[in-house]
Amino acid sequence: MKKSFFLVCLMLSLAFMSCIPNKDLVYLQHMETAMDSTQVLTETQKPYRVQINDILNIRVKALDQENVQIFNPAGEEDFGANGEQRAYFDGFTVDLHGNVRIPVLGEVNVLGFTTEEIEQLLEKKLLEEEFKETANIFVSVKLTGIRYTVNGEVGSTGSKTLYQAQVNIFEAIANAGDIQMTGNRKDVLVIRQYPQGQQIHHLNLLDEKVMQSPYYYIQPNDLIYVKPLKQKSWGTGTTTMQTVATIVTALSLVTTTLLLIDKI
């Protein structure tokens, strides 16, 4: 009787220790501290600055559109490719020196500029070198989507592209099928490219303060990694019922083995 009671208590203890609690699954909880040790910034998101390998969508408009046709890709509607492939062929890629090659203007350095600053730069160069004020030149510069990569405990790993001006961490992960139940929401890694190299930033998605983090909005070429919870490596199950079933099966196997040994 005592042995049975002990086994039941042991089984229940293991079950509650092994299952994933609800508080580890609910996003944006009110917590005292955030996981990210970096100083929380309450200012609005800083504008993105162009990096190497970014692809820019540049369009030039004028009163006489034929005069600026050379700056704009032709036959775009006939190109048999999806949006991302078309952006690659029609866009302007920032090379290793931070330059883009633009018809007539040649190489223009855009590394570290915002899209608004590039628009002003190109308008100035066109007016100085090619057109007069009366041409009413208008330049539009956009990133050809935000491309990022997601690995780890998500529904769909791999590279993703969202055609939006800005994307937050929840949108990025939702586009990858959300975090699996076995994923660690307390410590999601964002690996970001900088001119001096890569840096790793930690985000606690369970804490509502994550919305104030400077890494809440992802940037092009970000790598998002969702680590597994320790319960996954234990292999006991993600819910209490799954864990109990696993433990009962294991205990049954042990008991059967002991009985067979005794008979021998």
# chains A, B, ... in the order shown; residues from 1 in each chain; ligands from 1
call {"tool": "closest_atom_pairs", "arguments": {"of": "region 51-76 of chain A", "to": "region 210-227 of chain A", "cutoff": "10 Å", "atoms": "only C-alpha atoms", "output": "tab-separated table"}}
result
residue	atom	partner	partner_atom	distance
A:Gln51	CA	A:Pro220	CA	8.7
A:Asn53	CA	A:Asn221	CA	9.0
A:Asp54	CA	A:Pro220	CA	7.6
A:Ile55	CA	A:Pro220	CA	9.8
call {"tool": "residues_around", "arguments": {"residues": "region 179-184 of chain A", "least_positions_apart": "4", "cutoff": "7 Å", "atoms": "only C-alpha atoms", "output": "CSV table (one decimal) with C-alpha atoms, in the first residue's frame"}}
result
chain,number,residue,atom,x,y,z
A,153,GLU,CA,10.6,25.8,-32.5
A,154,VAL,CA,8.2,27.4,-35.0
A,155,GLY,CA,5.6,26.0,-37.4
A,173,ILE,CA,6.8,34.8,-36.0
A,188,VAL,CA,13.7,34.5,-28.3
A,226,VAL,CA,13.3,30.2,-30.9
A,227,LYS,CA,15.0,27.8,-28.5
A,228,PRO,CA,13.3,24.6,-27.3
A,229,LEU,CA,12.1,24.3,-23.7
A,232,LYS,CA,11.1,18.8,-25.1
A,238,THR,CA,3.8,19.1,-23.4
call {"tool": "closest_residue", "arguments": {"among": "A:Glu208, A:Asp95, A:Asp64, A:Asp90", "to": "Ile52 (chain A)", "atoms": "only C-alpha atoms"}}
result
A:Asp95
call {"tool": "residues_around", "arguments": {"residues": "Pro73 (chain A)", "least_positions_apart": "2", "cutoff": "10 Å", "atoms": "only C-alpha atoms", "output": "ChimeraX atom specification"}}
result
/A:57-59,69-71,75-76,89-91
call {"tool": "write_last_selection", "arguments": {"atoms": "N, CA, C and O atoms", "output": "PDB file, in the first residue's frame"}}
result
ATOM      1  N   ASN A  57      13.919  49.413 -54.280  1.00  0.00           N
ATOM      2  CA  ASN A  57      12.998  49.672 -55.380  1.00  0.00           C
ATOM      3  C   ASN A  57      13.018  51.178 -55.633  1.00  0.00           C
ATOM      4  O   ASN A  57      12.542  51.959 -54.807  1.00  0.00           O
ATOM      5  N   ILE A  58      13.592  51.572 -56.770  1.00  0.00           N
ATOM      6  CA  ILE A  58      13.735  52.995 -57.090  1.00  0.00           C
ATOM      7  C   ILE A  58      12.896  53.324 -58.323  1.00  0.00           C
ATOM      8  O   ILE A  58      13.024  52.676 -59.364  1.00  0.00           O
ATOM      9  N   ARG A  59      12.036  54.323 -58.211  1.00  0.00           N
ATOM     10  CA  ARG A  59      11.200  54.766 -59.326  1.00  0.00           C
ATOM     11  C   ARG A  59      11.349  56.280 -59.478  1.00  0.00           C
ATOM     12  O   ARG A  59      11.359  57.017 -58.491  1.00  0.00           O
ATOM     13  N   GLN A  69      12.176  57.205 -68.429  1.00  0.00           N
ATOM     14  CA  GLN A  69      11.899  55.785 -68.611  1.00  0.00           C
ATOM     15  C   GLN A  69      13.137  54.911 -68.373  1.00  0.00           C
ATOM     16  O   GLN A  69      13.045  53.777 -67.909  1.00  0.00           O
ATOM     17  N   ILE A  70      14.308  55.445 -68.671  1.00  0.00           N
ATOM     18  CA  ILE A  70      15.542  54.679 -68.522  1.00  0.00           C
ATOM     19  C   ILE A  70      15.814  54.301 -67.062  1.00  0.00           C
ATOM     20  O   ILE A  70      16.499  53.310 -66.779  1.00  0.00           O
ATOM     21  N   PHE A  71      15.269  55.068 -66.139  1.00  0.00           N
ATOM     22  CA  PHE A  71      15.500  54.796 -64.722  1.00  0.00           C
ATOM     23  C   PHE A  71      14.554  53.732 -64.160  1.00  0.00           C
ATOM     24  O   PHE A  71      14.770  53.222 -63.063  1.00  0.00           O
ATOM     25  N   GLY A  75       8.815  46.343 -69.041  1.00  0.00           N
ATOM     26  CA  GLY A  75       8.292  45.000 -69.253  1.00  0.00           C
ATOM     27  C   GLY A  75       8.060  44.225 -67.981  1.00  0.00           C
ATOM     28  O   GLY A  75       8.064  43.002 -67.980  1.00  0.00           O
ATOM     29  N   GLU A  76       7.814  44.909 -66.886  1.00  0.00           N
ATOM     30  CA  GLU A  76       7.652  44.258 -65.590  1.00  0.00           C
ATOM     31  C   GLU A  76       6.448  43.325 -65.564  1.00  0.00           C
ATOM     32  O   GLU A  76       6.484  42.256 -64.974  1.00  0.00           O
ATOM     33  N   PHE A  89      15.444  40.989 -59.660  1.00  0.00           N
ATOM     34  CA  PHE A  89      15.916  41.335 -61.002  1.00  0.00           C
ATOM     35  C   PHE A  89      15.727  42.819 -61.322  1.00  0.00           C
ATOM     36  O   PHE A  89      16.556  43.416 -62.009  1.00  0.00           O
ATOM     37  N   ASP A  90      14.645  43.412 -60.836  1.00  0.00           N
ATOM     38  CA  ASP A  90      14.357  44.812 -61.176  1.00  0.00           C
ATOM     39  C   ASP A  90      14.890  45.804 -60.149  1.00  0.00           C
ATOM     40  O   ASP A  90      14.969  46.995 -60.414  1.00  0.00           O
ATOM     41  N   GLY A  91      15.224  45.312 -58.947  1.00  0.00           N
ATOM     42  CA  GLY A  91      15.674  46.214 -57.895  1.00  0.00           C
ATOM     43  C   GLY A  91      17.142  46.583 -58.043  1.00  0.00           C
ATOM     44  O   GLY A  91      17.864  46.080 -58.912  1.00  0.00           O
TER      45      GLY A  91
END
call {"tool": "select_by_dssp", "arguments": {"residues": "region 88-263 of chain A", "states": "strand (DSSP E)", "output": "ChimeraX atom specification"}}
result
/A:92-93,99-102,106-109,138-143,146-152,158-162,167-168,183-194,197-203,217-218,223-228
call {"tool": "write_last_selection", "arguments": {"atoms": "C-alpha atoms", "output": "PDB file, in the first residue's frame"}}
result
ATOM      1  CA  PHE A  92      18.984  47.922 -57.160  1.00  0.00           C
ATOM      2  CA  THR A  93      21.247  45.803 -54.942  1.00  0.00           C
ATOM      3  CA  ASN A  99      26.883  51.538 -53.747  1.00  0.00           C
ATOM      4  CA  VAL A 100      24.005  51.058 -56.172  1.00  0.00           C
ATOM      5  CA  ARG A 101      24.468  51.385 -59.933  1.00  0.00           C
ATOM      6  CA  ILE A 102      21.843  53.655 -61.443  1.00  0.00           C
ATOM      7  CA  GLY A 106      26.455  55.570 -62.274  1.00  0.00           C
ATOM      8  CA  GLU A 107      27.440  54.411 -58.792  1.00  0.00           C
ATOM      9  CA  VAL A 108      25.772  56.179 -55.874  1.00  0.00           C
ATOM     10  CA  ASN A 109      26.729  55.410 -52.278  1.00  0.00           C
ATOM     11  CA  PHE A 138       9.853  62.894 -58.190  1.00  0.00           C
ATOM     12  CA  VAL A 139      11.895  59.969 -56.815  1.00  0.00           C
ATOM     13  CA  SER A 140      10.446  57.113 -54.790  1.00  0.00           C
ATOM     14  CA  VAL A 141      12.731  54.707 -52.883  1.00  0.00           C
ATOM     15  CA  LYS A 142      11.466  51.701 -50.930  1.00  0.00           C
ATOM     16  CA  LEU A 143      12.908  48.487 -49.559  1.00  0.00           C
ATOM     17  CA  ILE A 146      11.585  42.803 -45.321  1.00  0.00           C
ATOM     18  CA  ARG A 147      13.357  39.476 -45.726  1.00  0.00           C
ATOM     19  CA  TYR A 148      14.262  37.536 -42.591  1.00  0.00           C
ATOM     20  CA  THR A 149      14.933  33.959 -41.465  1.00  0.00           C
ATOM     21  CA  VAL A 150      13.268  31.976 -38.678  1.00  0.00           C
ATOM     22  CA  ASN A 151      14.720  28.813 -37.117  1.00  0.00           C
ATOM     23  CA  GLY A 152      13.897  26.674 -34.118  1.00  0.00           C
ATOM     24  CA  GLY A 158      13.177  29.207 -43.377  1.00  0.00           C
ATOM     25  CA  SER A 159      13.490  32.589 -45.064  1.00  0.00           C
ATOM     26  CA  LYS A 160      10.382  34.776 -45.259  1.00  0.00           C
ATOM     27  CA  THR A 161       9.575  38.059 -46.979  1.00  0.00           C
ATOM     28  CA  LEU A 162       6.863  40.508 -45.928  1.00  0.00           C
ATOM     29  CA  VAL A 167       7.212  44.280 -39.187  1.00  0.00           C
ATOM     30  CA  ASN A 168       7.203  43.536 -35.458  1.00  0.00           C
ATOM     31  CA  GLY A 183       9.295  26.788 -27.877  1.00  0.00           C
ATOM     32  CA  ASN A 184      10.876  29.109 -25.300  1.00  0.00           C
ATOM     33  CA  ARG A 185       8.923  32.368 -25.483  1.00  0.00           C
ATOM     34  CA  LYS A 186      10.911  33.871 -22.604  1.00  0.00           C
ATOM     35  CA  ASP A 187      14.156  34.086 -24.560  1.00  0.00           C
ATOM     36  CA  VAL A 188      13.740  34.547 -28.319  1.00  0.00           C
ATOM     37  CA  LEU A 189      16.998  35.443 -30.043  1.00  0.00           C
ATOM     38  CA  VAL A 190      17.217  38.118 -32.739  1.00  0.00           C
ATOM     39  CA  ILE A 191      20.553  37.953 -34.556  1.00  0.00           C
ATOM     40  CA  ARG A 192      21.047  41.267 -36.361  1.00  0.00           C
ATOM     41  CA  GLN A 193      23.559  42.460 -38.943  1.00  0.00           C
ATOM     42  CA  TYR A 194      25.622  45.566 -38.202  1.00  0.00           C
ATOM     43  CA  GLY A 197      29.367  42.321 -37.475  1.00  0.00           C
ATOM     44  CA  GLN A 198      26.483  40.358 -35.979  1.00  0.00           C
ATOM     45  CA  GLN A 199      24.969  40.878 -32.537  1.00  0.00           C
ATOM     46  CA  ILE A 200      22.515  38.725 -30.563  1.00  0.00           C
ATOM     47  CA  HIS A 201      19.566  40.350 -28.782  1.00  0.00           C
ATOM     48  CA  HIS A 202      17.191  38.628 -26.348  1.00  0.00           C
ATOM     49  CA  LEU A 203      13.428  39.212 -26.277  1.00  0.00           C
ATOM     50  CA  TYR A 217      10.541  45.686 -34.907  1.00  0.00           C
ATOM     51  CA  ILE A 218      12.667  43.397 -37.043  1.00  0.00           C
ATOM     52  CA  LEU A 223      17.698  35.843 -38.019  1.00  0.00           C
ATOM     53  CA  ILE A 224      15.104  34.855 -35.406  1.00  0.00           C
ATOM     54  CA  TYR A 225      15.828  31.739 -33.347  1.00  0.00           C
ATOM     55  CA  VAL A 226      13.326  30.164 -30.947  1.00  0.00           C
ATOM     56  CA  LYS A 227      15.014  27.817 -28.487  1.00  0.00           C
ATOM     57  CA  PRO A 228      13.287  24.627 -27.259  1.00  0.00           C
TER      58      PRO A 228
END
call {"tool": "atom_distance", "arguments": {"atom1": "CA of Asn136 (chain A)", "atom2": "CA of Val104 (chain A)"}}
result
18.2 Å
call {"tool": "closest_residue", "arguments": {"among": "A:Val94, A:Phe170, A:Lys46, A:Ala62", "to": "Phe131 (chain A)", "atoms": "only C-alpha atoms"}}
result
A:Ala62
call {"tool": "atom_distance", "arguments": {"atom1": "CA of Lys124 (chain A)", "atom2": "CA of Lys61 (chain A)"}}
result
13.9 Å
call {"tool": "decode", "arguments": {"residues": "region 142-180 of chain A", "atoms": "N, CA and C atoms", "output": "PDB file, in the first residue's frame"}}
result
ATOM      1  N   LYS A 142      12.006  52.595 -51.951  1.00  0.00           N
ATOM      2  CA  LYS A 142      11.466  51.701 -50.930  1.00  0.00           C
ATOM      3  C   LYS A 142      12.328  50.449 -50.848  1.00  0.00           C
ATOM      4  N   LEU A 143      12.315  49.815 -49.679  1.00  0.00           N
ATOM      5  CA  LEU A 143      12.908  48.487 -49.559  1.00  0.00           C
ATOM      6  C   LEU A 143      11.984  47.486 -50.242  1.00  0.00           C
ATOM      7  N   THR A 144      12.558  46.531 -50.943  1.00  0.00           N
ATOM      8  CA  THR A 144      11.733  45.534 -51.631  1.00  0.00           C
ATOM      9  C   THR A 144      11.327  44.443 -50.645  1.00  0.00           C
ATOM     10  N   GLY A 145      10.565  44.834 -49.656  1.00  0.00           N
ATOM     11  CA  GLY A 145      10.112  43.893 -48.644  1.00  0.00           C
ATOM     12  C   GLY A 145      11.147  43.695 -47.546  1.00  0.00           C
ATOM     13  N   ILE A 146      10.699  43.123 -46.435  1.00  0.00           N
ATOM     14  CA  ILE A 146      11.585  42.803 -45.321  1.00  0.00           C
ATOM     15  C   ILE A 146      11.802  41.294 -45.326  1.00  0.00           C
ATOM     16  N   ARG A 147      13.016  40.905 -45.656  1.00  0.00           N
ATOM     17  CA  ARG A 147      13.357  39.476 -45.726  1.00  0.00           C
ATOM     18  C   ARG A 147      14.106  39.078 -44.465  1.00  0.00           C
ATOM     19  N   TYR A 148      13.653  37.998 -43.836  1.00  0.00           N
ATOM     20  CA  TYR A 148      14.262  37.536 -42.591  1.00  0.00           C
ATOM     21  C   TYR A 148      14.206  36.013 -42.558  1.00  0.00           C
ATOM     22  N   THR A 149      14.881  35.415 -41.589  1.00  0.00           N
ATOM     23  CA  THR A 149      14.933  33.959 -41.465  1.00  0.00           C
ATOM     24  C   THR A 149      14.517  33.559 -40.063  1.00  0.00           C
ATOM     25  N   VAL A 150      13.721  32.491 -39.971  1.00  0.00           N
ATOM     26  CA  VAL A 150      13.268  31.976 -38.678  1.00  0.00           C
ATOM     27  C   VAL A 150      13.697  30.518 -38.545  1.00  0.00           C
ATOM     28  N   ASN A 151      14.319  30.189 -37.415  1.00  0.00           N
ATOM     29  CA  ASN A 151      14.720  28.813 -37.117  1.00  0.00           C
ATOM     30  C   ASN A 151      14.264  28.435 -35.720  1.00  0.00           C
ATOM     31  N   GLY A 152      14.240  27.146 -35.452  1.00  0.00           N
ATOM     32  CA  GLY A 152      13.897  26.674 -34.118  1.00  0.00           C
ATOM     33  C   GLY A 152      12.475  26.175 -34.012  1.00  0.00           C
ATOM     34  N   GLU A 153      11.866  26.413 -32.846  1.00  0.00           N
ATOM     35  CA  GLU A 153      10.560  25.837 -32.520  1.00  0.00           C
ATOM     36  C   GLU A 153       9.402  26.688 -33.071  1.00  0.00           C
ATOM     37  N   VAL A 154       9.300  26.732 -34.389  1.00  0.00           N
ATOM     38  CA  VAL A 154       8.193  27.428 -35.035  1.00  0.00           C
ATOM     39  C   VAL A 154       7.527  26.486 -36.024  1.00  0.00           C
ATOM     40  N   GLY A 155       6.335  26.889 -36.499  1.00  0.00           N
ATOM     41  CA  GLY A 155       5.593  26.018 -37.401  1.00  0.00           C
ATOM     42  C   GLY A 155       6.251  25.824 -38.742  1.00  0.00           C
ATOM     43  N   SER A 156       6.921  26.859 -39.254  1.00  0.00           N
ATOM     44  CA  SER A 156       7.543  26.786 -40.581  1.00  0.00           C
ATOM     45  C   SER A 156       8.853  27.564 -40.568  1.00  0.00           C
ATOM     46  N   THR A 157       9.969  26.839 -40.587  1.00  0.00           N
ATOM     47  CA  THR A 157      11.269  27.497 -40.578  1.00  0.00           C
ATOM     48  C   THR A 157      11.656  27.927 -41.993  1.00  0.00           C
ATOM     49  N   GLY A 158      12.675  28.786 -42.077  1.00  0.00           N
ATOM     50  CA  GLY A 158      13.177  29.207 -43.377  1.00  0.00           C
ATOM     51  C   GLY A 158      13.134  30.707 -43.552  1.00  0.00           C
ATOM     52  N   SER A 159      13.478  31.155 -44.743  1.00  0.00           N
ATOM     53  CA  SER A 159      13.490  32.589 -45.064  1.00  0.00           C
ATOM     54  C   SER A 159      12.095  33.046 -45.468  1.00  0.00           C
ATOM     55  N   LYS A 160      11.705  34.206 -44.985  1.00  0.00           N
ATOM     56  CA  LYS A 160      10.382  34.776 -45.259  1.00  0.00           C
ATOM     57  C   LYS A 160      10.557  36.205 -45.762  1.00  0.00           C
ATOM     58  N   THR A 161       9.581  36.674 -46.519  1.00  0.00           N
ATOM     59  CA  THR A 161       9.575  38.059 -46.979  1.00  0.00           C
ATOM     60  C   THR A 161       8.188  38.644 -46.776  1.00  0.00           C
ATOM     61  N   LEU A 162       8.121  39.793 -46.109  1.00  0.00           N
ATOM     62  CA  LEU A 162       6.863  40.508 -45.928  1.00  0.00           C
ATOM     63  C   LEU A 162       6.980  41.867 -46.592  1.00  0.00           C
ATOM     64  N   TYR A 163       6.013  42.182 -47.449  1.00  0.00           N
ATOM     65  CA  TYR A 163       6.046  43.448 -48.189  1.00  0.00           C
ATOM     66  C   TYR A 163       5.313  44.522 -47.394  1.00  0.00           C
ATOM     67  N   GLN A 164       5.988  44.964 -46.328  1.00  0.00           N
ATOM     68  CA  GLN A 164       5.473  46.004 -45.443  1.00  0.00           C
ATOM     69  C   GLN A 164       6.596  46.964 -45.094  1.00  0.00           C
ATOM     70  N   ALA A 165       6.207  48.157 -44.666  1.00  0.00           N
ATOM     71  CA  ALA A 165       7.214  49.153 -44.280  1.00  0.00           C
ATOM     72  C   ALA A 165       7.887  48.777 -42.977  1.00  0.00           C
ATOM     73  N   GLN A 166       7.142  48.148 -42.059  1.00  0.00           N
ATOM     74  CA  GLN A 166       7.731  47.690 -40.813  1.00  0.00           C
ATOM     75  C   GLN A 166       7.007  46.434 -40.349  1.00  0.00           C
ATOM     76  N   VAL A 167       7.742  45.569 -39.657  1.00  0.00           N
ATOM     77  CA  VAL A 167       7.212  44.280 -39.187  1.00  0.00           C
ATOM     78  C   VAL A 167       7.698  44.068 -37.757  1.00  0.00           C
ATOM     79  N   ASN A 168       6.766  43.804 -36.831  1.00  0.00           N
ATOM     80  CA  ASN A 168       7.203  43.536 -35.458  1.00  0.00           C
ATOM     81  C   ASN A 168       7.461  42.046 -35.265  1.00  0.00           C
ATOM     82  N   ILE A 169       8.028  41.701 -34.126  1.00  0.00           N
ATOM     83  CA  ILE A 169       8.462  40.329 -33.875  1.00  0.00           C
ATOM     84  C   ILE A 169       7.290  39.351 -33.889  1.00  0.00           C
ATOM     85  N   PHE A 170       6.109  39.779 -33.427  1.00  0.00           N
ATOM     86  CA  PHE A 170       4.950  38.897 -33.414  1.00  0.00           C
ATOM     87  C   PHE A 170       4.449  38.619 -34.832  1.00  0.00           C
ATOM     88  N   GLU A 171       4.448  39.639 -35.678  1.00  0.00           N
ATOM     89  CA  GLU A 171       4.047  39.438 -37.072  1.00  0.00           C
ATOM     90  C   GLU A 171       5.019  38.501 -37.787  1.00  0.00           C
ATOM     91  N   ALA A 172       6.310  38.689 -37.519  1.00  0.00           N
ATOM     92  CA  ALA A 172       7.326  37.861 -38.165  1.00  0.00           C
ATOM     93  C   ALA A 172       7.171  36.394 -37.774  1.00  0.00           C
ATOM     94  N   ILE A 173       6.930  36.142 -36.485  1.00  0.00           N
ATOM     95  CA  ILE A 173       6.784  34.766 -36.007  1.00  0.00           C
ATOM     96  C   ILE A 173       5.455  34.171 -36.450  1.00  0.00           C
ATOM     97  N   ALA A 174       4.403  34.975 -36.459  1.00  0.00           N
ATOM     98  CA  ALA A 174       3.102  34.486 -36.925  1.00  0.00           C
ATOM     99  C   ALA A 174       3.185  34.063 -38.388  1.00  0.00           C
ATOM    100  N   ASN A 175       3.960  34.792 -39.173  1.00  0.00           N
ATOM    101  CA  ASN A 175       4.142  34.445 -40.584  1.00  0.00           C
ATOM    102  C   ASN A 175       4.908  33.137 -40.756  1.00  0.00           C
ATOM    103  N   ALA A 176       5.576  32.699 -39.686  1.00  0.00           N
ATOM    104  CA  ALA A 176       6.309  31.425 -39.703  1.00  0.00           C
ATOM    105  C   ALA A 176       5.534  30.316 -38.997  1.00  0.00           C
ATOM    106  N   GLY A 177       4.225  30.520 -38.786  1.00  0.00           N
ATOM    107  CA  GLY A 177       3.404  29.483 -38.176  1.00  0.00           C
ATOM    108  C   GLY A 177       3.350  29.520 -36.664  1.00  0.00           C
ATOM    109  N   ASP A 178       3.800  30.614 -36.064  1.00  0.00           N
ATOM    110  CA  ASP A 178       3.806  30.823 -34.614  1.00  0.00           C
ATOM    111  C   ASP A 178       4.776  29.860 -33.912  1.00  0.00           C
ATOM    112  N   ILE A 179       5.030  30.148 -32.638  1.00  0.00           N
ATOM    113  CA  ILE A 179       5.935  29.325 -31.847  1.00  0.00           C
ATOM    114  C   ILE A 179       5.204  28.056 -31.399  1.00  0.00           C
ATOM    115  N   GLN A 180       5.867  26.921 -31.529  1.00  0.00           N
ATOM    116  CA  GLN A 180       5.294  25.660 -31.070  1.00  0.00           C
ATOM    117  C   GLN A 180       5.189  25.668 -29.547  1.00  0.00           C
TER     118      GLN A 180
END
